[in-house]
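Visitor: Have a peek at final-v1.cif (mmCIF, C-alpha atoms).
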data_entry
loop_
_atom_site.group_PDB
_atom_site.id
_atom_site.type_symbol
_atom_site.label_atom_id
_atom_site.label_comp_id
_atom_site.auth_asym_id
_atom_site.auth_seq_id
_atom_site.Cartn_x
_atom_site.Cartn_y
_atom_site.Cartn_z
ATOM 1 C CA MET V 1 0.000 0.000 0.000
ATOM 2 C CA GLN V 2 1.245 3.491 -0.815
ATOM 3 C CA GLN V 3 2.305 5.647 2.140
ATOM 4 C CA GLN V 4 0.295 8.634 3.244
ATOM 5 C CA PHE V 5 1.159 11.745 1.232
ATOM 6 C CA PRO V 6 2.193 14.044 4.128
ATOM 7 C CA THR V 7 4.824 11.537 5.302
ATOM 8 C CA LEU V 8 6.026 10.693 1.804
ATOM 9 C CA MET V 9 6.782 14.161 0.451
ATOM 10 C CA ASP V 10 8.057 17.285 2.129
ATOM 11 C CA ALA V 11 6.918 20.852 1.493
ATOM 12 C CA LEU V 12 9.630 21.434 -1.116
ATOM 13 C CA THR V 13 8.543 18.433 -3.149
ATOM 14 C CA ILE V 14 4.905 19.534 -2.983
ATOM 15 C CA ALA V 15 5.950 22.974 -4.177
ATOM 16 C CA LEU V 16 7.923 21.469 -7.055
ATOM 17 C CA VAL V 17 4.946 19.329 -8.129
ATOM 18 C CA LEU V 18 2.708 22.407 -8.036
ATOM 19 C CA LEU V 19 5.281 24.415 -9.974
ATOM 20 C CA GLY V 20 5.627 21.647 -12.544
ATOM 21 C CA SER V 21 1.854 21.490 -12.961
ATOM 22 C CA ALA V 22 1.684 25.249 -13.459
ATOM 23 C CA PHE V 23 4.358 25.061 -16.137
ATOM 24 C CA ILE V 24 2.479 22.268 -17.936
ATOM 25 C CA GLY V 25 -0.758 24.249 -17.860
ATOM 26 C CA PHE V 26 0.986 27.324 -19.257
ATOM 27 C CA LEU V 27 2.771 25.333 -21.941
ATOM 28 C CA PHE V 28 -0.148 23.275 -23.221
ATOM 29 C CA ALA V 29 -2.948 25.843 -23.176
ATOM 30 C CA PRO V 30 -1.998 27.679 -26.410
ATOM 31 C CA LEU V 31 -1.651 24.366 -28.268
ATOM 32 C CA GLY V 32 -5.126 22.940 -27.686
ATOM 33 C CA LEU V 33 -3.685 20.075 -25.620
ATOM 34 C CA GLY V 34 -4.735 18.964 -22.159
ATOM 35 C CA GLY V 35 -1.270 18.132 -20.820
ATOM 36 C CA GLY V 36 -1.925 14.577 -19.621
ATOM 37 C CA LEU V 37 1.239 13.320 -21.307
ATOM 38 C CA LEU V 38 3.124 15.365 -18.715
ATOM 39 C CA PHE V 39 0.720 15.360 -15.742
ATOM 40 C CA ALA V 40 0.706 11.559 -15.477
ATOM 41 C CA PRO V 41 4.516 11.164 -15.299
ATOM 42 C CA LEU V 42 4.726 14.174 -12.952
ATOM 43 C CA LEU V 43 2.413 12.429 -10.482
ATOM 44 C CA HIS V 44 4.077 9.057 -11.044
ATOM 45 C CA TYR V 45 7.711 10.098 -10.727
ATOM 46 C CA GLY V 46 7.358 13.354 -8.775
ATOM 47 C CA ALA V 47 4.683 12.358 -6.255
ATOM 48 C CA GLY V 48 5.391 8.623 -6.213
ATOM 49 C CA TRP V 49 1.915 7.492 -7.274
ATOM 50 C CA GLU V 50 1.297 4.132 -8.880
ATOM 51 C CA ILE V 51 -0.147 4.179 -12.393
ATOM 52 C CA ASP V 52 -3.736 3.140 -11.766
ATOM 53 C CA GLY V 53 -7.258 4.530 -11.747
ATOM 54 C CA ALA V 54 -6.516 7.057 -9.001
ATOM 55 C CA LEU V 55 -3.630 8.605 -10.934
ATOM 56 C CA LEU V 56 -5.666 8.623 -14.150
ATOM 57 C CA ILE V 57 -8.512 10.487 -12.445
ATOM 58 C CA VAL V 58 -6.254 13.232 -11.088
ATOM 59 C CA SER V 59 -4.315 13.548 -14.351
ATOM 60 C CA LEU V 60 -7.592 13.737 -16.285
ATOM 61 C CA GLY V 61 -8.853 16.346 -13.837
ATOM 62 C CA LEU V 62 -5.778 18.474 -14.445
ATOM 63 C CA SER V 63 -6.072 18.009 -18.213
ATOM 64 C CA GLY V 64 -9.700 19.092 -17.905
ATOM 65 C CA THR V 65 -8.627 22.124 -15.899
ATOM 66 C CA VAL V 66 -6.313 23.158 -18.729
ATOM 67 C CA ALA V 67 -9.090 22.530 -21.231
ATOM 68 C CA TYR V 68 -11.561 24.715 -19.337
ATOM 69 C CA GLY V 69 -9.050 27.458 -18.583
ATOM 70 C CA SER V 70 -7.923 27.664 -22.205
ATOM 71 C CA GLY V 71 -11.181 26.608 -23.863
ATOM 72 C CA LEU V 72 -13.185 29.434 -22.337
ATOM 73 C CA ARG V 73 -10.534 31.868 -23.524
ATOM 74 C CA HIS V 74 -10.669 30.453 -27.056
ATOM 75 C CA ARG V 75 -14.466 30.668 -26.980
ATOM 76 C CA LYS V 76 -14.265 34.329 -25.997
ATOM 77 C CA GLU V 77 -11.935 34.922 -28.943
ATOM 78 C CA GLY V 78 -14.326 33.072 -31.295
ATOM 79 C CA PHE V 79 -11.914 30.201 -31.995
ATOM 80 C CA PHE V 80 -14.351 27.246 -31.911
ATOM 81 C CA SER V 81 -17.105 25.512 -33.898
ATOM 82 C CA ASP V 82 -20.256 24.324 -32.126
ATOM 83 C CA ILE V 83 -21.325 22.350 -35.197
ATOM 84 C CA ARG V 84 -18.100 20.329 -35.311
ATOM 85 C CA LEU V 85 -18.228 19.931 -31.525
ATOM 86 C CA LYS V 86 -21.652 18.273 -31.657
ATOM 87 C CA GLU V 87 -20.567 16.006 -34.507
ATOM 88 C CA SER V 88 -17.382 15.060 -32.648
ATOM 89 C CA LEU V 89 -19.073 14.159 -29.361
ATOM 90 C CA VAL V 90 -21.027 11.392 -31.115
ATOM 91 C CA GLY V 91 -17.711 9.547 -31.447
ATOM 92 C CA ALA V 92 -15.653 10.907 -28.554
ATOM 93 C CA LEU V 93 -18.043 10.157 -25.663
ATOM 94 C CA PRO V 94 -18.537 6.439 -26.459
ATOM 95 C CA GLY V 95 -14.789 6.171 -27.067
ATOM 96 C CA ALA V 96 -14.115 7.475 -23.557
ATOM 97 C CA ILE V 97 -16.371 4.804 -22.000
ATOM 98 C CA VAL V 98 -14.600 2.063 -23.979
ATOM 99 C CA GLY V 99 -11.278 3.339 -22.616
ATOM 100 C CA VAL V 100 -12.461 3.172 -18.989
ATOM 101 C CA VAL V 101 -13.690 -0.397 -19.467
ATOM 102 C CA LEU V 102 -10.291 -1.333 -20.901
ATOM 103 C CA VAL V 103 -8.443 0.169 -17.915
ATOM 104 C CA ALA V 104 -10.702 -1.637 -15.425
ATOM 105 C CA TYR V 105 -10.242 -4.951 -17.236
ATOM 106 C CA LEU V 106 -6.433 -4.672 -17.291
ATOM 107 C CA SER V 107 -6.018 -3.178 -13.814
ATOM 108 C CA GLY V 108 -3.586 -5.869 -12.635
ATOM 109 C CA SER V 109 -1.043 -5.254 -15.409
ATOM 110 C CA PHE V 110 -1.812 -1.680 -16.347
ATOM 111 C CA ASP V 111 1.587 -0.099 -15.563
ATOM 112 C CA VAL V 112 3.399 -1.809 -18.450
ATOM 113 C CA LEU V 113 0.488 -1.231 -20.841
ATOM 114 C CA PHE V 114 0.268 2.438 -19.883
ATOM 115 C CA LYS V 115 3.967 3.104 -20.417
ATOM 116 C CA THR V 116 4.056 1.120 -23.656
ATOM 117 C CA LEU V 117 1.064 2.970 -25.122
ATOM 118 C CA SER V 118 2.378 6.289 -23.812
ATOM 119 C CA LEU V 119 5.773 5.662 -25.376
ATOM 120 C CA GLY V 120 4.137 4.944 -28.720
ATOM 121 C CA PHE V 121 1.949 8.021 -28.416
ATOM 122 C CA ILE V 122 4.919 10.177 -27.418
ATOM 123 C CA THR V 123 6.895 8.949 -30.435
ATOM 124 C CA TRP V 124 3.950 9.690 -32.710
ATOM 125 C CA ALA V 125 3.462 13.151 -31.161
ATOM 126 C CA ILE V 126 7.143 14.063 -31.581
ATOM 127 C CA ILE V 127 7.221 12.959 -35.236
ATOM 128 C CA LYS V 128 3.968 14.710 -36.018
ATOM 129 C CA THR V 129 5.062 17.901 -34.259
ATOM 130 C CA ILE V 130 8.357 18.042 -36.157
ATOM 131 C CA ARG V 131 6.613 17.436 -39.479
ATOM 132 C CA SER V 132 3.882 19.985 -38.787
ATOM 133 C CA ARG V 133 6.461 22.758 -38.486
ATOM 134 C CA SER V 134 7.166 22.457 -42.201
ATOM 135 C CA THR V 135 3.532 21.951 -43.226
ATOM 136 C CA LYS V 136 1.265 24.766 -44.368
ATOM 137 C CA ASP V 137 -2.002 25.412 -42.552
ATOM 138 C CA THR V 138 -4.289 23.782 -45.105
ATOM 139 C CA VAL V 139 -7.580 21.997 -44.546
ATOM 140 C CA GLU V 140 -9.962 19.897 -46.567
ATOM 141 C CA GLU V 141 -12.682 21.850 -48.336
ATOM 142 C CA SER V 142 -15.460 19.433 -47.329
ATOM 143 C CA VAL V 143 -16.448 17.746 -44.084
ATOM 144 C CA SER V 144 -16.074 13.951 -43.783
ATOM 145 C CA THR V 145 -18.393 13.072 -40.913
ATOM 146 C CA ILE V 146 -17.651 9.367 -40.493
ATOM 147 C CA PRO V 147 -13.816 9.691 -40.431
ATOM 148 C CA LEU V 148 -14.261 12.674 -38.100
ATOM 149 C CA ARG V 149 -16.282 10.632 -35.599
ATOM 150 C CA ILE V 150 -13.965 7.636 -35.824
ATOM 151 C CA GLY V 151 -10.902 9.842 -35.282
ATOM 152 C CA VAL V 152 -12.275 11.642 -32.245
ATOM 153 C CA GLY V 153 -13.635 8.311 -30.963
ATOM 154 C CA ILE V 154 -10.074 6.960 -30.889
ATOM 155 C CA GLY V 155 -9.038 10.175 -29.154
ATOM 156 C CA GLY V 156 -11.758 9.715 -26.527
ATOM 157 C CA MET V 157 -10.649 6.140 -25.841
ATOM 158 C CA LEU V 158 -6.977 7.136 -25.471
ATOM 159 C CA SER V 159 -8.041 10.020 -23.252
ATOM 160 C CA SER V 160 -9.479 7.550 -20.734
ATOM 161 C CA VAL V 161 -6.629 5.037 -21.042
ATOM 162 C CA LEU V 162 -3.660 7.437 -20.948
ATOM 163 C CA ALA V 163 -5.272 10.256 -18.917
ATOM 164 C CA ILE V 164 -4.625 12.745 -21.700
ATOM 165 C CA GLY V 165 -6.705 15.484 -23.232
ATOM 166 C CA ALA V 166 -6.103 13.857 -26.655
ATOM 167 C CA GLY V 167 -5.765 17.215 -28.370
ATOM 168 C CA ALA V 168 -2.869 15.772 -30.385
ATOM 169 C CA ILE V 169 -5.521 13.605 -32.059
ATOM 170 C CA TYR V 170 -8.528 15.926 -32.014
ATOM 171 C CA VAL V 171 -6.764 18.877 -33.632
ATOM 172 C CA PRO V 172 -5.459 17.146 -36.790
ATOM 173 C CA VAL V 173 -8.742 15.212 -37.151
ATOM 174 C CA LEU V 174 -10.739 18.441 -36.954
ATOM 175 C CA ARG V 175 -8.443 20.078 -39.482
ATOM 176 C CA THR V 176 -8.407 17.166 -41.911
ATOM 177 C CA TYR V 177 -11.996 15.926 -41.700
ATOM 178 C CA GLY V 178 -13.787 18.861 -40.060
ATOM 179 C CA SER V 179 -12.560 21.590 -42.415
ATOM 180 C CA LEU V 180 -11.365 23.859 -39.604
ATOM 181 C CA GLN V 181 -8.382 26.196 -39.578
ATOM 182 C CA SER V 182 -5.789 25.687 -36.838
ATOM 183 C CA ARG V 183 -7.091 28.110 -34.217
ATOM 184 C CA LYS V 184 -10.706 26.932 -34.563
ATOM 185 C CA ALA V 185 -9.538 23.303 -34.505
ATOM 186 C CA ILE V 186 -7.614 24.002 -31.294
ATOM 187 C CA GLY V 187 -10.571 25.740 -29.658
ATOM 188 C CA THR V 188 -12.982 23.003 -30.707
ATOM 189 C CA SER V 189 -10.531 20.369 -29.464
ATOM 190 C CA LEU V 190 -10.554 22.017 -26.054
ATOM 191 C CA HIS V 191 -14.359 22.023 -26.041
ATOM 192 C CA ILE V 192 -14.397 18.288 -26.814
ATOM 193 C CA MET V 193 -12.127 17.733 -23.801
ATOM 194 C CA MET V 194 -14.461 19.827 -21.649
ATOM 195 C CA CYS V 195 -17.204 17.266 -22.359
ATOM 196 C CA VAL V 196 -15.231 14.017 -22.602
ATOM 197 C CA ILE V 197 -12.979 14.367 -19.554
ATOM 198 C CA PRO V 198 -15.760 14.783 -16.937
ATOM 199 C CA LEU V 199 -17.500 11.693 -18.314
ATOM 200 C CA SER V 200 -14.259 9.729 -18.194
ATOM 201 C CA ILE V 201 -13.530 10.817 -14.610
ATOM 202 C CA ILE V 202 -16.999 9.782 -13.419
ATOM 203 C CA ALA V 203 -16.673 6.399 -15.141
ATOM 204 C CA HIS V 204 -13.212 5.821 -13.616
ATOM 205 C CA LEU V 205 -14.569 6.680 -10.143
ATOM 206 C CA PHE V 206 -17.058 3.835 -10.377
ATOM 207 C CA ALA V 207 -14.225 1.432 -11.276
ATOM 208 C CA LEU V 208 -11.897 2.305 -8.348
ATOM 209 C CA ASN V 209 -11.106 -0.265 -5.672
ATOM 210 C CA GLU V 210 -10.780 0.479 -1.956
ATOM 211 C CA GLY V 211 -7.018 0.998 -2.068
ATOM 212 C CA GLN V 212 -7.283 3.521 -4.891
ATOM 213 C CA TRP V 213 -9.942 5.457 -2.980
ATOM 214 C CA GLU V 214 -7.531 5.616 -0.019
ATOM 215 C CA VAL V 215 -4.825 7.073 -2.269
ATOM 216 C CA LEU V 216 -7.165 9.879 -3.314
ATOM 217 C CA GLU V 217 -8.240 10.549 0.273
ATOM 218 C CA SER V 218 -4.668 10.627 1.612
ATOM 219 C CA ASN V 219 -3.626 13.111 -1.088
ATOM 220 C CA ILE V 220 -6.658 15.357 -0.831
ATOM 221 C CA LEU V 221 -4.680 18.522 -0.029
ATOM 222 C CA LEU V 222 -2.525 18.233 -3.141
ATOM 223 C CA ILE V 223 -5.549 17.290 -5.250
ATOM 224 C CA LEU V 224 -7.389 20.425 -4.108
ATOM 225 C CA LEU V 225 -4.415 22.732 -4.692
ATOM 226 C CA LEU V 226 -3.434 21.470 -8.145
ATOM 227 C CA PRO V 227 -6.495 22.668 -10.133
ATOM 228 C CA PHE V 228 -6.211 26.244 -8.826
ATOM 229 C CA VAL V 229 -2.541 26.387 -9.815
ATOM 230 C CA VAL V 230 -3.105 24.792 -13.217
ATOM 231 C CA ILE V 231 -6.183 26.765 -14.285
ATOM 232 C CA THR V 232 -4.439 30.041 -13.462
ATOM 233 C CA ALA V 233 -1.379 29.059 -15.475
ATOM 234 C CA ALA V 234 -3.517 27.736 -18.355
ATOM 235 C CA ASN V 235 -5.491 30.968 -18.546
ATOM 236 C CA ILE V 236 -2.282 32.981 -18.666
ATOM 237 C CA GLY V 237 -0.817 30.574 -21.199
ATOM 238 C CA ALA V 238 -3.853 30.845 -23.471
ATOM 239 C CA ARG V 239 -3.889 34.644 -23.263
ATOM 240 C CA VAL V 240 -0.148 35.127 -23.692
ATOM 241 C CA GLY V 241 0.371 32.208 -26.058
ATOM 242 C CA ILE V 242 -2.317 33.236 -28.540
ATOM 243 C CA ALA V 243 -0.957 36.741 -28.903
ATOM 244 C CA LYS V 244 2.718 36.860 -27.958
ATOM 245 C CA VAL V 245 4.554 33.540 -27.751
ATOM 246 C CA SER V 246 5.948 31.902 -30.864
ATOM 247 C CA GLU V 247 4.189 28.587 -31.539
ATOM 248 C CA LYS V 248 7.490 27.249 -32.858
ATOM 249 C CA ARG V 249 9.198 27.976 -29.529
ATOM 250 C CA ILE V 250 6.405 26.323 -27.546
ATOM 251 C CA MET V 251 6.566 23.245 -29.726
ATOM 252 C CA GLN V 252 10.330 22.988 -29.258
ATOM 253 C CA VAL V 253 9.894 22.895 -25.474
ATOM 254 C CA PHE V 254 7.040 20.414 -25.871
ATOM 255 C CA VAL V 255 9.162 18.021 -27.952
ATOM 256 C CA ALA V 256 12.116 18.285 -25.562
ATOM 257 C CA ILE V 257 9.983 17.381 -22.539
ATOM 258 C CA LEU V 258 8.328 14.488 -24.381
ATOM 259 C CA PHE V 259 11.758 13.175 -25.349
ATOM 260 C CA ILE V 260 12.903 13.155 -21.706
ATOM 261 C CA ILE V 261 9.730 11.374 -20.561
ATOM 262 C CA GLY V 262 10.085 8.865 -23.384
ATOM 263 C CA ILE V 263 13.619 7.982 -22.283
ATOM 264 C CA ARG V 264 12.401 7.414 -18.707
ATOM 265 C CA TYR V 265 9.577 5.144 -19.919
ATOM 266 C CA VAL V 266 12.059 3.117 -21.987
ATOM 267 C CA PHE V 267 14.271 2.722 -18.902
ATOM 268 C CA ASP V 268 11.320 1.589 -16.755
ATOM 269 C CA LEU V 269 10.006 -0.846 -19.355
ATOM 270 C CA THR V 270 13.475 -2.342 -19.835
ATOM 271 C CA ASN V 271 13.765 -3.007 -16.104
ATOM 272 C CA GLN V 272 10.242 -4.423 -15.835
ATOM 273 C CA LEU V 273 10.382 -6.667 -18.878
ATOM 274 C CA PHE V 274 13.998 -7.815 -18.706
#
Kindly present the structure from the file in structure tokens form.
Guide:
Amino acid sequence: MQQQFPTLMDALTIALVLLGSAFIGFLFAPLGLGGGLLFAPLLHYGAGWEIDGALLIVSLGLSGTVAYGSGLRHRKEGFFSDIRLKESLVGALPGAIVGVVLVAYLSGSFDVLFKTLSLGFITWAIIKTIRSRSTKDTVEESVSTIPLRIGVGIGGMLSSVLAIGAGAIYVPVLRTYGSLQSRKAIGTSLHIMMCVIPLSIIAHLFALNEGQWEVLESNILLILLLPFVVITAANIGARVGIAKVSEKRIMQVFVAILFIIGIRYVFDLTNQLF
């Protein structure tokens, strides 16, 4: 059983986790991403949490906080599409439920699965990010509803399994099959997260065992502090990032952090499997 949070981490470590969460919220908000790719390893390696339903719930909650903090800002700026949002939720919401069922079914061996899937997703995100820097902002002229729903459905499933916002999937799907320009695709992606993540959290709560509930209860102070820190940073990130920060610079930091996390996952998987 995991130790109680107050005896496991000192005030400095708590402060560093809060600072790291604020940085993630600031970094991801202008990109239409929830930040789960970084929140999950921060809680796992920084706070010492096991990768299970409890960690996924908190990471999803933080990703949702970023989505709300940035999504409301994008809505105020007019960077969203309600029509594409409604079409996307038809696929994304069922996908999220499928993901929760998968996590519950594989609860005994989820750590290896999580890191393996995350490593694959990180690799894909890095490659796609590097390629996108040399790609023009073009979109399809017509909407392809079925591929759109399938794409966001996969995003919803991965959101529940990896505790991510899945913006790295939603945004290109909305651009390619939803005929949206980048900023509207980003804003709409955030709105999808604002609907999918709460559903996923509620579903995960029903699947928790007694030990996972105890982890949440013993870390209640940190859990209450994190959203306030993250939503403030995300709001600042969305406001500053949209107008002042180079997207290229943000993406460079994003790729560098993903690369570091990927190396750590490879190290862990090597030790666990061999």
Visitor: If we count all atoms listed in the file, what is near V:Met157 at a cut-off of 8 Å, once residues fewer than 3 positions away on the same chain are taken out, given as a tab-separated table (two decimals) with C-alpha atoms, keeping the file's coordinate frame?
Guide:
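And here's part35.tsv as it stands now:
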chain	number	residue	atom	x	y	z
V	92	ALA	CA	-15.65	10.91	-28.55
V	94	PRO	CA	-18.54	6.44	-26.46
V	95	GLY	CA	-14.79	6.17	-27.07
V	96	ALA	CA	-14.12	7.48	-23.56
V	97	ILE	CA	-16.37	4.80	-22.00
V	98	VAL	CA	-14.60	2.06	-23.98
V	99	GLY	CA	-11.28	3.34	-22.62
V	100	VAL	CA	-12.46	3.17	-18.99
V	153	GLY	CA	-13.64	8.31	-30.96
V	154	ILE	CA	-10.07	6.96	-30.89
V	160	SER	CA	-9.48	7.55	-20.73
V	161	VAL	CA	-6.63	5.04	-21.04
Visitor: I'd like to know which of V:Ser81, V:Phe206, V:Ser144, V:Ile236 is closest to V:Gln181, using all atoms listed in the file.
Guide: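 For V:Gln181, the nearest of the given residues is V:Ser81.
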Visitor: Going by the chain IDs and residue numbers used in this file, which residues fall under the PyMOL selection byres ((chain V and resi 50) around 12)? Write them as a VMD selection string.
Guide: chain V and resid 1 to 3 40 to 49 51 to 56 107 to 112 114 to 115 211 to 212 215 to 216
Visitor: Evaluate the PyMOL selection byres ((chain V and resi 150) around 10) against this structure - the residues, as a ChimeraX atom specification, please.
Guide: /V:88,90-92,95,145-149,151-156,173
Visitor: What's the 10 Å shell around V:Gly20, counting all atoms listed in the file, without same-chain residues fewer than 4 positions away, as a list in words?
Guide: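 Answer for this query is Ile14, Ala15, Leu16, Ile24, Gly25, Phe26, Leu38, Phe39, Leu42, Leu43, Gly46, Val229 and Val230 of chain V.
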Visitor: Ranking V:Cys195, V:Leu113, V:Leu269, V:Ala67 by minimum distance to V:Asn235 and counting only C-alpha atoms, which one comes first?
Guide: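 Of all the options, V:Ala67 lies closest to V:Asn235.
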Visitor: Care to translate the PyMOL selection byres ((chain V and resi 78) around 12) into actual residues of this file, as a ChimeraX atom specification?
Guide: /V:71-77,79-82,183-188
Visitor: Please determine, counting only C-alpha atoms, which residue among V:Leu158, V:Leu60, V:Ile261, V:Ala22 has the shortest atom-to-atom distance to V:Leu205.
Guide: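 Using only C-alpha atoms, the shortest distance to V:Leu205 belongs to V:Leu60.
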Visitor: Given the choices V:Met193, V:Leu208, V:Ile202, V:Ile263, which gets closest to V:Gly165 if the distance is worked out from all atoms listed in the file?
Guide: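 Of the candidates, the smallest distance to V:Gly165 is held by V:Met193.
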Visitor: Rank nothing, just name the residue among V:Leu102, V:Val58, V:Leu85, V:Leu119 nearest to V:Phe267, using all atoms listed in the file.
Guide: V:Leu119
Visitor: Grab the atom CA of V:Gln272 to atom CA of V:Asn209 distance for me, in Å with one decimal place.
Guide: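 So the two atoms, atom CA of V:Gln272 and atom CA of V:Asn209, lie 24.0 Å apart.
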Visitor: How far is it from atom CA of V:Val255 to atom CA of V:Thr123, in Å with one decimal?
Guide: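 It comes out at 9.7 Å.
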Visitor: Looking at V:Val143, V:Asn219, V:Val196, V:Leu190, which one is nearest to V:Thr176, with distances taken over all atoms listed in the file?
Guide: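 Ranked by minimum distance to V:Thr176, first place goes to V:Val143.
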Visitor: How about completing stretch 65-85 of chain V with N, CA and C atoms and giving it to me as a PDB file, in the frame of the given file?
Guide:
ATOM      1  N   THR V  65      -8.820  20.761 -16.390  1.00  0.00           N
ATOM      2  CA  THR V  65      -8.627  22.124 -15.899  1.00  0.00           C
ATOM      3  C   THR V  65      -7.977  22.989 -16.960  1.00  0.00           C
ATOM      4  N   VAL V  66      -6.949  22.437 -17.632  1.00  0.00           N
ATOM      5  CA  VAL V  66      -6.313  23.158 -18.729  1.00  0.00           C
ATOM      6  C   VAL V  66      -7.317  23.416 -19.843  1.00  0.00           C
ATOM      7  N   ALA V  67      -8.115  22.399 -20.154  1.00  0.00           N
ATOM      8  CA  ALA V  67      -9.090  22.530 -21.231  1.00  0.00           C
ATOM      9  C   ALA V  67     -10.100  23.633 -20.927  1.00  0.00           C
ATOM     10  N   TYR V  68     -10.593  23.683 -19.697  1.00  0.00           N
ATOM     11  CA  TYR V  68     -11.561  24.715 -19.337  1.00  0.00           C
ATOM     12  C   TYR V  68     -10.911  26.095 -19.305  1.00  0.00           C
ATOM     13  N   GLY V  69      -9.722  26.165 -18.677  1.00  0.00           N
ATOM     14  CA  GLY V  69      -9.050  27.458 -18.583  1.00  0.00           C
ATOM     15  C   GLY V  69      -8.731  28.042 -19.942  1.00  0.00           C
ATOM     16  N   SER V  70      -8.273  27.202 -20.872  1.00  0.00           N
ATOM     17  CA  SER V  70      -7.923  27.664 -22.205  1.00  0.00           C
ATOM     18  C   SER V  70      -9.126  27.691 -23.137  1.00  0.00           C
ATOM     19  N   GLY V  71     -10.022  26.692 -22.983  1.00  0.00           N
ATOM     20  CA  GLY V  71     -11.181  26.608 -23.863  1.00  0.00           C
ATOM     21  C   GLY V  71     -12.098  27.802 -23.746  1.00  0.00           C
ATOM     22  N   LEU V  72     -12.329  28.267 -22.527  1.00  0.00           N
ATOM     23  CA  LEU V  72     -13.185  29.434 -22.337  1.00  0.00           C
ATOM     24  C   LEU V  72     -12.550  30.675 -22.967  1.00  0.00           C
ATOM     25  N   ARG V  73     -11.230  30.747 -22.897  1.00  0.00           N
ATOM     26  CA  ARG V  73     -10.534  31.868 -23.524  1.00  0.00           C
ATOM     27  C   ARG V  73     -10.668  31.801 -25.043  1.00  0.00           C
ATOM     28  N   HIS V  74     -10.511  30.619 -25.611  1.00  0.00           N
ATOM     29  CA  HIS V  74     -10.669  30.453 -27.056  1.00  0.00           C
ATOM     30  C   HIS V  74     -12.111  30.756 -27.487  1.00  0.00           C
ATOM     31  N   ARG V  75     -13.061  30.380 -26.655  1.00  0.00           N
ATOM     32  CA  ARG V  75     -14.466  30.668 -26.980  1.00  0.00           C
ATOM     33  C   ARG V  75     -14.709  32.174 -27.002  1.00  0.00           C
ATOM     34  N   LYS V  76     -14.127  32.883 -26.043  1.00  0.00           N
ATOM     35  CA  LYS V  76     -14.265  34.329 -25.997  1.00  0.00           C
ATOM     36  C   LYS V  76     -13.674  34.980 -27.233  1.00  0.00           C
ATOM     37  N   GLU V  77     -12.584  34.383 -27.749  1.00  0.00           N
ATOM     38  CA  GLU V  77     -11.935  34.922 -28.943  1.00  0.00           C
ATOM     39  C   GLU V  77     -12.620  34.464 -30.236  1.00  0.00           C
ATOM     40  N   GLY V  78     -13.611  33.561 -30.117  1.00  0.00           N
ATOM     41  CA  GLY V  78     -14.326  33.072 -31.295  1.00  0.00           C
ATOM     42  C   GLY V  78     -13.647  31.929 -32.007  1.00  0.00           C
ATOM     43  N   PHE V  79     -12.648  31.296 -31.364  1.00  0.00           N
ATOM     44  CA  PHE V  79     -11.914  30.201 -31.995  1.00  0.00           C
ATOM     45  C   PHE V  79     -12.529  28.851 -31.605  1.00  0.00           C
ATOM     46  N   PHE V  80     -13.692  28.525 -32.166  1.00  0.00           N
ATOM     47  CA  PHE V  80     -14.351  27.246 -31.911  1.00  0.00           C
ATOM     48  C   PHE V  80     -15.466  27.060 -32.926  1.00  0.00           C
ATOM     49  N   SER V  81     -15.978  25.817 -33.019  1.00  0.00           N
ATOM     50  CA  SER V  81     -17.105  25.512 -33.898  1.00  0.00           C
ATOM     51  C   SER V  81     -18.078  24.610 -33.155  1.00  0.00           C
ATOM     52  N   ASP V  82     -19.254  25.120 -32.827  1.00  0.00           N
ATOM     53  CA  ASP V  82     -20.256  24.324 -32.126  1.00  0.00           C
ATOM     54  C   ASP V  82     -20.768  23.173 -32.994  1.00  0.00           C
ATOM     55  N   ILE V  83     -20.844  23.398 -34.299  1.00  0.00           N
ATOM     56  CA  ILE V  83     -21.325  22.350 -35.197  1.00  0.00           C
ATOM     57  C   ILE V  83     -20.382  21.160 -35.181  1.00  0.00           C
ATOM     58  N   ARG V  84     -19.074  21.413 -35.325  1.00  0.00           N
ATOM     59  CA  ARG V  84     -18.100  20.329 -35.311  1.00  0.00           C
ATOM     60  C   ARG V  84     -18.015  19.676 -33.926  1.00  0.00           C
ATOM     61  N   LEU V  85     -18.234  20.474 -32.886  1.00  0.00           N
ATOM     62  CA  LEU V  85     -18.228  19.931 -31.525  1.00  0.00           C
ATOM     63  C   LEU V  85     -19.325  18.883 -31.368  1.00  0.00           C
TER      64      LEU V  85
END
